[in-house]
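Trainee: start14.csv is the file, holding CSV, C-alpha atoms:
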chain,number,residue,atom,x,y,z
Q,1,MET,CA,46.7,34.4,139.3
Q,2,ALA,CA,43.0,34.2,140.0
Q,3,VAL,CA,41.2,30.9,139.5
Q,4,GLU,CA,37.5,30.7,138.6
Q,5,THR,CA,35.4,29.5,141.5
Q,6,THR,CA,32.7,27.7,139.5
Q,7,ALA,CA,32.7,24.3,137.9
Q,8,THR,CA,29.5,24.3,135.8
Q,9,PHE,CA,30.8,24.1,132.2
Q,10,ASN,CA,28.3,22.3,130.0
Q,11,LEU,CA,27.3,22.3,126.3
Q,12,ASP,CA,23.8,22.7,124.9
Q,13,VAL,CA,22.7,20.8,121.8
Q,14,ASN,CA,23.7,23.7,119.5
Q,15,ASP,CA,27.2,23.8,121.0
Q,16,ILE,CA,27.6,20.1,120.7
Q,17,THR,CA,26.5,20.2,117.1
Q,18,GLN,CA,28.8,23.1,116.2
Q,19,GLU,CA,31.8,21.5,117.8
Q,20,ALA,CA,31.1,18.1,116.1
Q,21,PHE,CA,30.8,19.8,112.7
Q,22,GLU,CA,34.1,21.6,113.2
Q,23,ARG,CA,35.9,18.4,114.1
Q,24,ALA,CA,34.4,16.7,111.0
Q,25,GLY,CA,35.7,19.6,108.9
Q,26,VAL,CA,32.2,20.4,107.6
Q,27,ASP,CA,30.4,23.8,107.7
Q,28,LEU,CA,27.1,24.0,109.5
Q,29,ARG,CA,25.0,26.1,107.2
Q,30,THR,CA,21.4,24.9,107.0
Q,31,GLY,CA,18.5,23.8,109.2
Q,32,TYR,CA,18.6,20.4,107.7
Q,33,GLU,CA,22.2,19.9,109.0
Q,34,LEU,CA,20.9,20.7,112.5
Q,35,ARG,CA,18.0,18.2,112.1
Q,36,THR,CA,20.3,15.4,110.8
Q,37,ALA,CA,22.7,16.1,113.8
Q,38,ARG,CA,19.8,15.8,116.3
Q,39,ARG,CA,18.8,12.5,114.6
Q,40,SER,CA,22.4,11.2,114.9
Q,41,LEU,CA,22.5,12.3,118.6
Q,42,ASN,CA,19.3,10.3,119.3
Q,43,LEU,CA,20.7,7.2,117.5
Q,44,LEU,CA,24.0,7.7,119.5
Q,45,ALA,CA,22.0,7.6,122.7
Q,46,LEU,CA,20.4,4.2,121.7
Q,47,GLU,CA,23.9,2.9,120.8
Q,48,TRP,CA,25.2,3.8,124.3
Q,49,GLN,CA,22.3,2.0,125.9
Q,50,ASN,CA,23.3,-1.1,124.0
Q,51,ARG,CA,27.0,-0.7,125.0
Q,52,GLY,CA,26.3,-1.1,128.7
Q,53,LEU,CA,24.9,0.3,131.9
Q,54,ASN,CA,24.9,4.1,132.3
Q,55,LEU,CA,25.0,4.8,136.0
Q,56,TRP,CA,23.2,8.1,135.8
Q,57,THR,CA,20.1,6.4,134.2
Q,58,ILE,CA,19.4,4.2,137.3
Q,59,GLU,CA,16.2,5.1,139.1
Q,60,GLU,CA,14.3,3.6,142.0
Q,61,LYS,CA,10.7,2.8,141.3
Q,62,ASN,CA,7.9,0.7,142.9
Q,63,VAL,CA,4.7,-1.1,142.0
Q,64,SER,CA,2.1,-2.1,144.6
Q,65,PHE,CA,1.2,-5.8,144.6
Q,66,THR,CA,-2.4,-6.8,143.9
Q,67,GLU,CA,-3.6,-10.1,145.3
Q,68,GLY,CA,-3.4,-12.9,142.7
Q,69,THR,CA,-1.9,-10.8,140.0
Q,70,VAL,CA,0.7,-12.5,137.9
Q,71,SER,CA,2.3,-9.7,135.9
Q,72,TYR,CA,2.8,-5.9,136.1
Q,73,THR,CA,3.7,-3.6,133.2
Q,74,LEU,CA,6.5,-1.2,133.8
Q,75,GLU,CA,7.1,2.3,132.5
Q,76,ALA,CA,7.8,2.5,128.8
Q,77,ASP,CA,11.2,4.1,129.2
Q,78,THR,CA,12.5,1.1,131.2
Q,79,ILE,CA,15.3,-0.7,129.5
Q,80,ASP,CA,15.8,-3.3,132.2
Q,81,ILE,CA,15.8,-4.0,135.9
Q,82,ILE,CA,19.1,-3.9,137.7
Q,83,ASP,CA,17.8,-5.4,141.0
Q,84,ALA,CA,14.5,-5.7,143.0
Q,85,VAL,CA,13.2,-6.4,146.5
Q,86,ILE,CA,9.9,-6.9,148.1
Q,87,ARG,CA,9.2,-4.0,150.6
Q,88,THR,CA,6.7,-4.7,153.4
Q,89,ASP,CA,5.0,-1.9,155.3
Q,90,PRO,CA,6.3,0.7,152.9
Q,91,GLY,CA,4.2,3.4,154.6
Q,92,ASP,CA,5.7,2.8,158.0
Q,93,THR,CA,9.5,3.5,158.3
Q,94,ALA,CA,9.6,1.9,161.7
Q,95,LYS,CA,8.4,-1.4,160.3
Q,96,GLN,CA,9.5,-1.3,156.7
Q,97,ILE,CA,11.7,-4.2,155.6
Q,98,ASP,CA,13.2,-5.0,152.2
Q,99,ALA,CA,13.7,-8.7,151.3
Q,100,ALA,CA,15.7,-9.8,148.3
Q,101,MET,CA,13.9,-11.3,145.2
Q,102,SER,CA,15.6,-13.6,142.8
Q,103,ARG,CA,15.5,-12.9,139.1
Q,104,ILE,CA,14.7,-16.0,137.1
Q,105,SER,CA,14.8,-16.9,133.4
Q,106,PRO,CA,11.7,-17.4,131.2
Q,107,VAL,CA,12.6,-21.1,131.0
Q,108,THR,CA,12.5,-21.4,134.8
Q,109,TYR,CA,9.3,-19.4,135.0
Q,110,ALA,CA,7.7,-21.6,132.3
Q,111,THR,CA,8.4,-24.7,134.4
Q,112,ILE,CA,6.5,-23.5,137.5
Q,113,PRO,CA,3.5,-25.8,137.6
Q,114,ASN,CA,1.0,-23.4,139.2
Q,115,LYS,CA,1.8,-19.8,138.4
Q,116,LEU,CA,-1.2,-18.6,140.4
Q,117,ASP,CA,0.1,-19.9,143.7
Q,118,LYS,CA,-0.3,-17.2,146.4
Q,119,GLY,CA,2.2,-16.2,149.1
Q,120,ARG,CA,5.1,-13.8,149.5
Q,121,PRO,CA,6.5,-13.0,146.0
Q,122,ASN,CA,10.2,-14.0,146.0
Q,123,GLN,CA,11.0,-14.5,142.3
Q,124,TYR,CA,10.5,-12.4,139.2
Q,125,TRP,CA,11.0,-12.7,135.4
Q,126,VAL,CA,11.4,-9.6,133.2
Q,127,ASP,CA,9.7,-10.0,129.8
Q,128,ARG,CA,11.3,-7.2,127.7
Q,129,GLN,CA,8.6,-6.4,125.3
Q,130,ARG,CA,8.8,-3.8,122.5
Q,131,GLU,CA,6.5,-1.2,124.1
Q,132,ALA,CA,7.4,-1.7,127.7
Q,133,PRO,CA,8.8,-4.5,129.9
Q,134,VAL,CA,6.4,-6.8,131.8
Q,135,VAL,CA,7.4,-8.3,135.2
Q,136,TYR,CA,6.0,-11.7,136.2
Q,137,VAL,CA,6.2,-12.5,139.9
Q,138,TYR,CA,6.0,-15.9,141.7
Q,139,PRO,CA,4.2,-16.6,143.8
Q,140,THR,CA,1.5,-14.0,143.3
Q,141,ALA,CA,0.8,-11.8,146.3
Q,142,SER,CA,-1.6,-13.2,148.9
Q,143,SER,CA,-3.9,-11.0,150.9
Q,144,ASP,CA,-1.1,-10.6,153.5
Q,145,TYR,CA,1.1,-8.8,150.9
Q,146,THR,CA,-1.4,-6.4,149.2
Q,147,THR,CA,0.2,-3.5,151.1
Q,148,ALA,CA,3.7,-4.6,150.0
Q,149,GLN,CA,5.6,-3.2,147.0
Q,150,PHE,CA,7.8,-4.5,144.3
Q,151,VAL,CA,10.7,-2.1,144.6
Q,152,TYR,CA,13.1,-2.1,141.7
Q,153,TRP,CA,16.0,-0.2,140.3
Q,154,LYS,CA,15.7,0.3,136.6
Q,155,GLU,CA,17.9,1.5,133.8
Q,156,ARG,CA,15.9,4.1,131.9
Q,157,ARG,CA,16.3,5.4,128.3
Q,158,LEU,CA,18.3,8.5,127.7
Q,159,LYS,CA,16.0,11.5,127.1
Q,160,ASP,CA,15.5,12.7,123.5
Q,161,THR,CA,17.4,15.8,122.3
Q,162,GLY,CA,14.1,17.7,121.6
Q,163,ASP,CA,13.7,20.6,119.1
Q,164,LYS,CA,15.3,23.3,121.2
Q,165,GLY,CA,19.0,23.9,120.5
Q,166,SER,CA,19.3,25.4,124.0
Q,167,ASN,CA,18.5,22.0,125.6
Q,168,ASN,CA,21.3,20.3,127.4
Q,169,TYR,CA,21.9,16.6,126.5
Q,170,ASP,CA,20.9,13.9,129.0
Q,171,VAL,CA,24.5,13.0,129.9
Q,172,PRO,CA,26.8,14.1,132.8
Q,173,ALA,CA,29.5,16.6,131.8
Q,174,ARG,CA,32.2,14.0,132.0
Q,175,PHE,CA,30.6,12.3,129.0
Q,176,LEU,CA,30.6,15.4,126.8
Q,177,PRO,CA,34.0,14.6,125.1
Q,178,ALA,CA,32.8,11.2,124.1
Q,179,LEU,CA,29.4,12.6,122.9
Q,180,VAL,CA,31.0,15.3,120.7
Q,181,SER,CA,33.5,12.8,119.3
Q,182,GLY,CA,30.7,10.3,118.6
Q,183,LEU,CA,28.6,12.9,116.8
Q,184,ALA,CA,31.6,14.1,114.7
Q,185,TYR,CA,32.2,10.6,113.6
Q,186,LYS,CA,28.5,10.1,112.7
Q,187,ILE,CA,28.5,13.3,110.7
Q,188,ALA,CA,31.6,12.4,108.8
Q,189,LEU,CA,30.0,9.0,107.9
Q,190,LYS,CA,27.2,11.0,106.2
Q,191,THR,CA,29.3,13.7,104.5
Q,192,PRO,CA,31.3,12.7,101.4
Q,193,GLU,CA,33.8,15.6,101.8
Q,194,ALA,CA,34.7,14.3,105.3
Q,195,ALA,CA,35.4,10.8,104.2
Q,196,GLY,CA,39.1,11.2,104.8
Q,197,ARG,CA,38.5,12.0,108.4
Q,198,VAL,CA,36.3,9.0,109.2
Q,199,ALA,CA,39.0,6.6,110.4
Q,200,GLY,CA,40.6,9.2,112.7
Q,201,LEU,CA,37.3,10.3,114.1
Q,202,LYS,CA,36.3,6.7,114.8
Q,203,GLN,CA,39.5,6.1,116.7
Q,204,ASP,CA,39.0,9.3,118.7
Q,205,TYR,CA,35.4,8.4,119.5
Q,206,ASP,CA,36.3,4.9,120.7
Q,207,GLU,CA,39.1,6.2,122.9
Q,208,GLN,CA,36.9,8.9,124.4
Q,209,TYR,CA,34.0,6.5,125.1
Q,210,ASP,CA,36.3,3.9,126.7
Q,211,ILE,CA,37.7,6.6,129.0
Q,212,ALA,CA,34.3,7.9,130.0
Q,213,ALA,CA,32.8,4.4,130.4
Q,214,GLY,CA,35.8,3.2,132.4
Q,215,GLU,CA,35.2,6.0,134.9
Q,216,ASP,CA,31.4,5.5,135.0
Q,217,ARG,CA,31.5,2.4,137.2
Q,218,VAL,CA,30.6,1.2,140.6
Q,219,LYS,CA,33.6,1.8,142.9
Q,220,ALA,CA,32.5,-0.2,145.9
Q,221,PRO,CA,35.1,-2.7,147.0
Q,222,LEU,CA,34.6,-6.3,146.1
Q,223,ARG,CA,34.8,-8.8,148.9
Q,224,MET,CA,34.8,-12.5,148.3
Q,225,VAL,CA,34.3,-15.0,151.2
Q,226,PRO,CA,34.8,-18.7,150.6
Q,227,PHE,CA,31.9,-20.9,151.5
Q,228,THR,CA,33.0,-23.5,154.1
Q,229,GLU,CA,31.2,-26.3,155.9
Q,230,TYR,CA,32.3,-28.3,158.9
Q,231,TYR,CA,32.2,-32.0,158.6
Q,232,GLY,CA,32.4,-34.1,161.7
Q,233,ARG,CA,30.6,-36.4,164.0
Could you write out this file's structure as structure tokens?
Mentor:
Amino acid sequence: MAVETTATFNLDVNDITQEAFERAGVDLRTGYELRTARRSLNLLALEWQNRGLNLWTIEEKNVSFTEGTVSYTLEADTIDIIDAVIRTDPGDTAKQIDAAMSRISPVTYATIPNKLDKGRPNQYWVDRQREAPVVYVYPTASSDYTTAQFVYWKERRLKDTGDKGSNNYDVPARFLPALVSGLAYKIALKTPEAAGRVAGLKQDYDEQYDIAAGEDRVKAPLRMVPFTEYYGR
């Protein structure tokens, strides 16, 4: 028996919506039902971002240091910073070096006596504002580090559904079962005739999300080495 040679199955927004309505036991008849489904999809994306880190949304970005500058505004779709380094000589791969920077709390940053000190930036605080996060660095860059960069790995927002039903959703295919289950549950919440299915759809959604989120994790081995010191004369 022949086996298909491709592995490209995906669902566009129309397919996701149709499948979700069928699971909720509701007919998809009007344009309003499509609009309310898209709205629920966008809200579902925000919910997933609050649940935890989605690995496919991690992106590497950089900001060039300016001498004496305390803060830098990041892109508006940045949810948070996962990690950051200072990269010296970024334009020369033979000399380029990444050095770790420590993330500090706003309380720690507030207790720094002179926030305008200059040197090699080695600490940063992320002020997660409503419009866009702002990063405060300490010390501020001296003239020796104006060619260096603040290189960071950010978690970005999921992309909007858009108005085209032919758009694919901003999730890897392995998350489609959880996405469809979640949308079916949200549709049932808003549809009186589907009230009897809400509990079952909620359970299915939670199970599908836990399966997908459990697989979407860093799989590098964890190695723990005890810290030891030698005491003697």
Trainee: May I ask which of the residues Q:Asn168, Q:Gln129, Q:Gln149, Q:Thr161 is the closest one to Ala76 of chain Q, counting all atoms listed in the file?
Mentor: Q:Gln129
Trainee: Out of Q:Glu155, Q:Thr140, Q:Arg130, Q:Ile97, which residue has the shortest atom-to-atom distance to Asn114 of chain Q when counting only C-alpha atoms?
Mentor: Q:Thr140
Trainee: Report as an MDAnalysis selection string all protein, DNA and RNA residues lying within 8 Å of Glu59 of chain Q, evaluated on all atoms listed in the file, omitting residues in the same chain fewer than 2 positions from it.
Mentor: chainID Q and resid 57 61 153:156
Trainee: Take the residues just selected and output them with C-alpha atoms as an mmCIF file, in the coordinates of the input.
Mentor:
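Resulting contents of result_18.cif:
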data_model
loop_
_atom_site.group_PDB
_atom_site.id
_atom_site.type_symbol
_atom_site.label_atom_id
_atom_site.label_comp_id
_atom_site.auth_asym_id
_atom_site.auth_seq_id
_atom_site.Cartn_x
_atom_site.Cartn_y
_atom_site.Cartn_z
ATOM 1 C CA THR Q 57 20.100 6.400 134.200
ATOM 2 C CA LYS Q 61 10.700 2.800 141.300
ATOM 3 C CA TRP Q 153 16.000 -0.200 140.300
ATOM 4 C CA LYS Q 154 15.700 0.300 136.600
ATOM 5 C CA GLU Q 155 17.900 1.500 133.800
ATOM 6 C CA ARG Q 156 15.900 4.100 131.900
#
Trainee: Which residue out of Q:Gly196, Q:Gly214, Q:Pro121, Q:Gly165 has the minimum interatomic distance to Leu55 of chain Q when only C-alpha atoms are used?
Mentor: Q:Gly214
Trainee: My list of candidates is Q:Pro192, Q:Pro177, Q:Gly182, Q:Pro133. Which is closest to Glu75 of chain Q when distances are computed with all atoms listed in the file?
Mentor: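 For Glu75 of chain Q, the nearest of the candidates is Q:Pro133.
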Trainee: Provide the atom CA of Thr36 of chain Q to atom CA of Lys159 of chain Q distance in Å, to one decimal place.
Mentor: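 About the pair atom CA of Thr36 of chain Q and atom CA of Lys159 of chain Q: they are 17.3 Å apart.
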Trainee: Restricting the calculation to only C-alpha atoms, which member of Q:Ile104, Q:Ala99, Q:Leu74, Q:Leu158 is positioned closest to Val137 of chain Q?
Mentor: Q:Ile104
Trainee: Counting only C-alpha atoms, find residues at most 12 Å from (27.9, 24.5, 124.3) (file frame) and give them as JSON, numbers by chain.
Mentor: {"Q": [8, 9, 10, 11, 12, 13, 14, 15, 16, 17, 18, 19, 20, 165, 166, 167, 168, 169, 173, 176, 177, 180]}
Trainee: Have a look at atom CA of Thr147 of chain Q and atom CA of Ala84 of chain Q and let me know their distance in Å, one decimal.
Mentor: 16.6 Å
Trainee: Could you add whatever atoms are missing so that segment 74-110 of chain Q carries N, CA and C atoms, then write the result as a PDB file, keeping the file's coordinate frame?
Mentor:
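The new file result-v3.pdb reads:
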ATOM      1  N   LEU Q  74       5.688  -2.244 133.354  1.00  0.00           N
ATOM      2  CA  LEU Q  74       6.500  -1.200 133.800  1.00  0.00           C
ATOM      3  C   LEU Q  74       6.438   0.057 132.918  1.00  0.00           C
ATOM      4  N   GLU Q  75       7.095   1.139 133.322  1.00  0.00           N
ATOM      5  CA  GLU Q  75       7.100   2.300 132.500  1.00  0.00           C
ATOM      6  C   GLU Q  75       7.770   2.094 131.168  1.00  0.00           C
ATOM      7  N   ALA Q  76       7.300   2.797 130.139  1.00  0.00           N
ATOM      8  CA  ALA Q  76       7.800   2.500 128.800  1.00  0.00           C
ATOM      9  C   ALA Q  76       9.241   2.867 128.577  1.00  0.00           C
ATOM     10  N   ASP Q  77       9.800   3.763 129.390  1.00  0.00           N
ATOM     11  CA  ASP Q  77      11.200   4.100 129.200  1.00  0.00           C
ATOM     12  C   ASP Q  77      12.160   3.206 129.951  1.00  0.00           C
ATOM     13  N   THR Q  78      11.652   2.107 130.504  1.00  0.00           N
ATOM     14  CA  THR Q  78      12.500   1.100 131.200  1.00  0.00           C
ATOM     15  C   THR Q  78      13.205   0.233 130.250  1.00  0.00           C
ATOM     16  N   ILE Q  79      14.530   0.226 130.329  1.00  0.00           N
ATOM     17  CA  ILE Q  79      15.300  -0.700 129.500  1.00  0.00           C
ATOM     18  C   ILE Q  79      15.390  -2.057 130.153  1.00  0.00           C
ATOM     19  N   ASP Q  80      15.712  -2.071 131.441  1.00  0.00           N
ATOM     20  CA  ASP Q  80      15.800  -3.300 132.200  1.00  0.00           C
ATOM     21  C   ASP Q  80      15.817  -3.054 133.649  1.00  0.00           C
ATOM     22  N   ILE Q  81      15.705  -4.105 134.431  1.00  0.00           N
ATOM     23  CA  ILE Q  81      15.800  -4.000 135.900  1.00  0.00           C
ATOM     24  C   ILE Q  81      17.147  -4.429 136.349  1.00  0.00           C
ATOM     25  N   ILE Q  82      17.754  -3.612 137.190  1.00  0.00           N
ATOM     26  CA  ILE Q  82      19.100  -3.900 137.700  1.00  0.00           C
ATOM     27  C   ILE Q  82      18.962  -4.841 138.928  1.00  0.00           C
ATOM     28  N   ASP Q  83      18.004  -4.562 139.814  1.00  0.00           N
ATOM     29  CA  ASP Q  83      17.800  -5.400 141.000  1.00  0.00           C
ATOM     30  C   ASP Q  83      16.397  -5.077 141.539  1.00  0.00           C
ATOM     31  N   ALA Q  84      15.888  -5.943 142.410  1.00  0.00           N
ATOM     32  CA  ALA Q  84      14.500  -5.700 143.000  1.00  0.00           C
ATOM     33  C   ALA Q  84      14.419  -6.397 144.317  1.00  0.00           C
ATOM     34  N   VAL Q  85      13.519  -5.824 145.131  1.00  0.00           N
ATOM     35  CA  VAL Q  85      13.200  -6.400 146.500  1.00  0.00           C
ATOM     36  C   VAL Q  85      11.704  -6.307 146.669  1.00  0.00           C
ATOM     37  N   ILE Q  86      11.227  -7.048 147.655  1.00  0.00           N
ATOM     38  CA  ILE Q  86       9.900  -6.900 148.100  1.00  0.00           C
ATOM     39  C   ILE Q  86       9.934  -6.044 149.391  1.00  0.00           C
ATOM     40  N   ARG Q  87       9.176  -4.961 149.437  1.00  0.00           N
ATOM     41  CA  ARG Q  87       9.200  -4.000 150.600  1.00  0.00           C
ATOM     42  C   ARG Q  87       7.855  -4.154 151.318  1.00  0.00           C
ATOM     43  N   THR Q  88       7.915  -4.645 152.538  1.00  0.00           N
ATOM     44  CA  THR Q  88       6.700  -4.700 153.400  1.00  0.00           C
ATOM     45  C   THR Q  88       6.572  -3.496 154.223  1.00  0.00           C
ATOM     46  N   ASP Q  89       5.329  -3.138 154.507  1.00  0.00           N
ATOM     47  CA  ASP Q  89       5.000  -1.900 155.300  1.00  0.00           C
ATOM     48  C   ASP Q  89       5.730  -0.698 154.769  1.00  0.00           C
ATOM     49  N   PRO Q  90       5.594  -0.399 153.458  1.00  0.00           N
ATOM     50  CA  PRO Q  90       6.300   0.700 152.900  1.00  0.00           C
ATOM     51  C   PRO Q  90       5.908   2.089 153.463  1.00  0.00           C
ATOM     52  N   GLY Q  91       4.701   2.161 154.036  1.00  0.00           N
ATOM     53  CA  GLY Q  91       4.200   3.400 154.600  1.00  0.00           C
ATOM     54  C   GLY Q  91       4.664   3.670 156.026  1.00  0.00           C
ATOM     55  N   ASP Q  92       5.344   2.717 156.629  1.00  0.00           N
ATOM     56  CA  ASP Q  92       5.700   2.800 158.000  1.00  0.00           C
ATOM     57  C   ASP Q  92       7.248   2.589 158.109  1.00  0.00           C
ATOM     58  N   THR Q  93       8.027   3.654 158.245  1.00  0.00           N
ATOM     59  CA  THR Q  93       9.500   3.500 158.300  1.00  0.00           C
ATOM     60  C   THR Q  93       9.986   2.728 159.451  1.00  0.00           C
ATOM     61  N   ALA Q  94       9.194   2.657 160.511  1.00  0.00           N
ATOM     62  CA  ALA Q  94       9.600   1.900 161.700  1.00  0.00           C
ATOM     63  C   ALA Q  94       9.514   0.393 161.458  1.00  0.00           C
ATOM     64  N   LYS Q  95       8.627  -0.016 160.552  1.00  0.00           N
ATOM     65  CA  LYS Q  95       8.400  -1.400 160.300  1.00  0.00           C
ATOM     66  C   LYS Q  95       8.905  -1.881 158.916  1.00  0.00           C
ATOM     67  N   GLN Q  96       9.195  -0.947 158.073  1.00  0.00           N
ATOM     68  CA  GLN Q  96       9.500  -1.300 156.700  1.00  0.00           C
ATOM     69  C   GLN Q  96      10.738  -2.193 156.587  1.00  0.00           C
ATOM     70  N   ILE Q  97      10.579  -3.245 155.780  1.00  0.00           N
ATOM     71  CA  ILE Q  97      11.700  -4.200 155.600  1.00  0.00           C
ATOM     72  C   ILE Q  97      11.757  -4.551 154.100  1.00  0.00           C
ATOM     73  N   ASP Q  98      12.973  -4.567 153.590  1.00  0.00           N
ATOM     74  CA  ASP Q  98      13.200  -5.000 152.200  1.00  0.00           C
ATOM     75  C   ASP Q  98      13.811  -6.410 152.240  1.00  0.00           C
ATOM     76  N   ALA Q  99      13.228  -7.290 151.441  1.00  0.00           N
ATOM     77  CA  ALA Q  99      13.700  -8.700 151.300  1.00  0.00           C
ATOM     78  C   ALA Q  99      14.059  -8.935 149.864  1.00  0.00           C
ATOM     79  N   ALA Q 100      15.179  -9.603 149.633  1.00  0.00           N
ATOM     80  CA  ALA Q 100      15.700  -9.800 148.300  1.00  0.00           C
ATOM     81  C   ALA Q 100      14.690 -10.710 147.479  1.00  0.00           C
ATOM     82  N   MET Q 101      14.595 -10.413 146.184  1.00  0.00           N
ATOM     83  CA  MET Q 101      13.900 -11.300 145.200  1.00  0.00           C
ATOM     84  C   MET Q 101      14.847 -11.757 144.198  1.00  0.00           C
ATOM     85  N   SER Q 102      14.659 -12.969 143.754  1.00  0.00           N
ATOM     86  CA  SER Q 102      15.600 -13.600 142.800  1.00  0.00           C
ATOM     87  C   SER Q 102      15.017 -13.419 141.376  1.00  0.00           C
ATOM     88  N   ARG Q 103      15.884 -12.985 140.462  1.00  0.00           N
ATOM     89  CA  ARG Q 103      15.500 -12.900 139.100  1.00  0.00           C
ATOM     90  C   ARG Q 103      15.675 -14.276 138.420  1.00  0.00           C
ATOM     91  N   ILE Q 104      14.675 -14.722 137.692  1.00  0.00           N
ATOM     92  CA  ILE Q 104      14.700 -16.000 137.100  1.00  0.00           C
ATOM     93  C   ILE Q 104      14.577 -15.873 135.548  1.00  0.00           C
ATOM     94  N   SER Q 105      14.926 -16.913 134.833  1.00  0.00           N
ATOM     95  CA  SER Q 105      14.800 -16.900 133.400  1.00  0.00           C
ATOM     96  C   SER Q 105      13.418 -17.257 132.930  1.00  0.00           C
ATOM     97  N   PRO Q 106      13.067 -16.956 131.669  1.00  0.00           N
ATOM     98  CA  PRO Q 106      11.700 -17.400 131.200  1.00  0.00           C
ATOM     99  C   PRO Q 106      11.567 -18.870 131.176  1.00  0.00           C
ATOM    100  N   VAL Q 107      12.653 -19.600 130.984  1.00  0.00           N
ATOM    101  CA  VAL Q 107      12.600 -21.100 131.000  1.00  0.00           C
ATOM    102  C   VAL Q 107      12.197 -21.547 132.403  1.00  0.00           C
ATOM    103  N   THR Q 108      12.857 -20.973 133.421  1.00  0.00           N
ATOM    104  CA  THR Q 108      12.500 -21.400 134.800  1.00  0.00           C
ATOM    105  C   THR Q 108      11.114 -21.011 135.143  1.00  0.00           C
ATOM    106  N   TYR Q 109      10.668 -19.810 134.733  1.00  0.00           N
ATOM    107  CA  TYR Q 109       9.300 -19.400 135.000  1.00  0.00           C
ATOM    108  C   TYR Q 109       8.297 -20.339 134.320  1.00  0.00           C
ATOM    109  N   ALA Q 110       8.622 -20.736 133.108  1.00  0.00           N
ATOM    110  CA  ALA Q 110       7.700 -21.600 132.300  1.00  0.00           C
ATOM    111  C   ALA Q 110       7.510 -22.949 133.007  1.00  0.00           C
TER     112      ALA Q 110
END
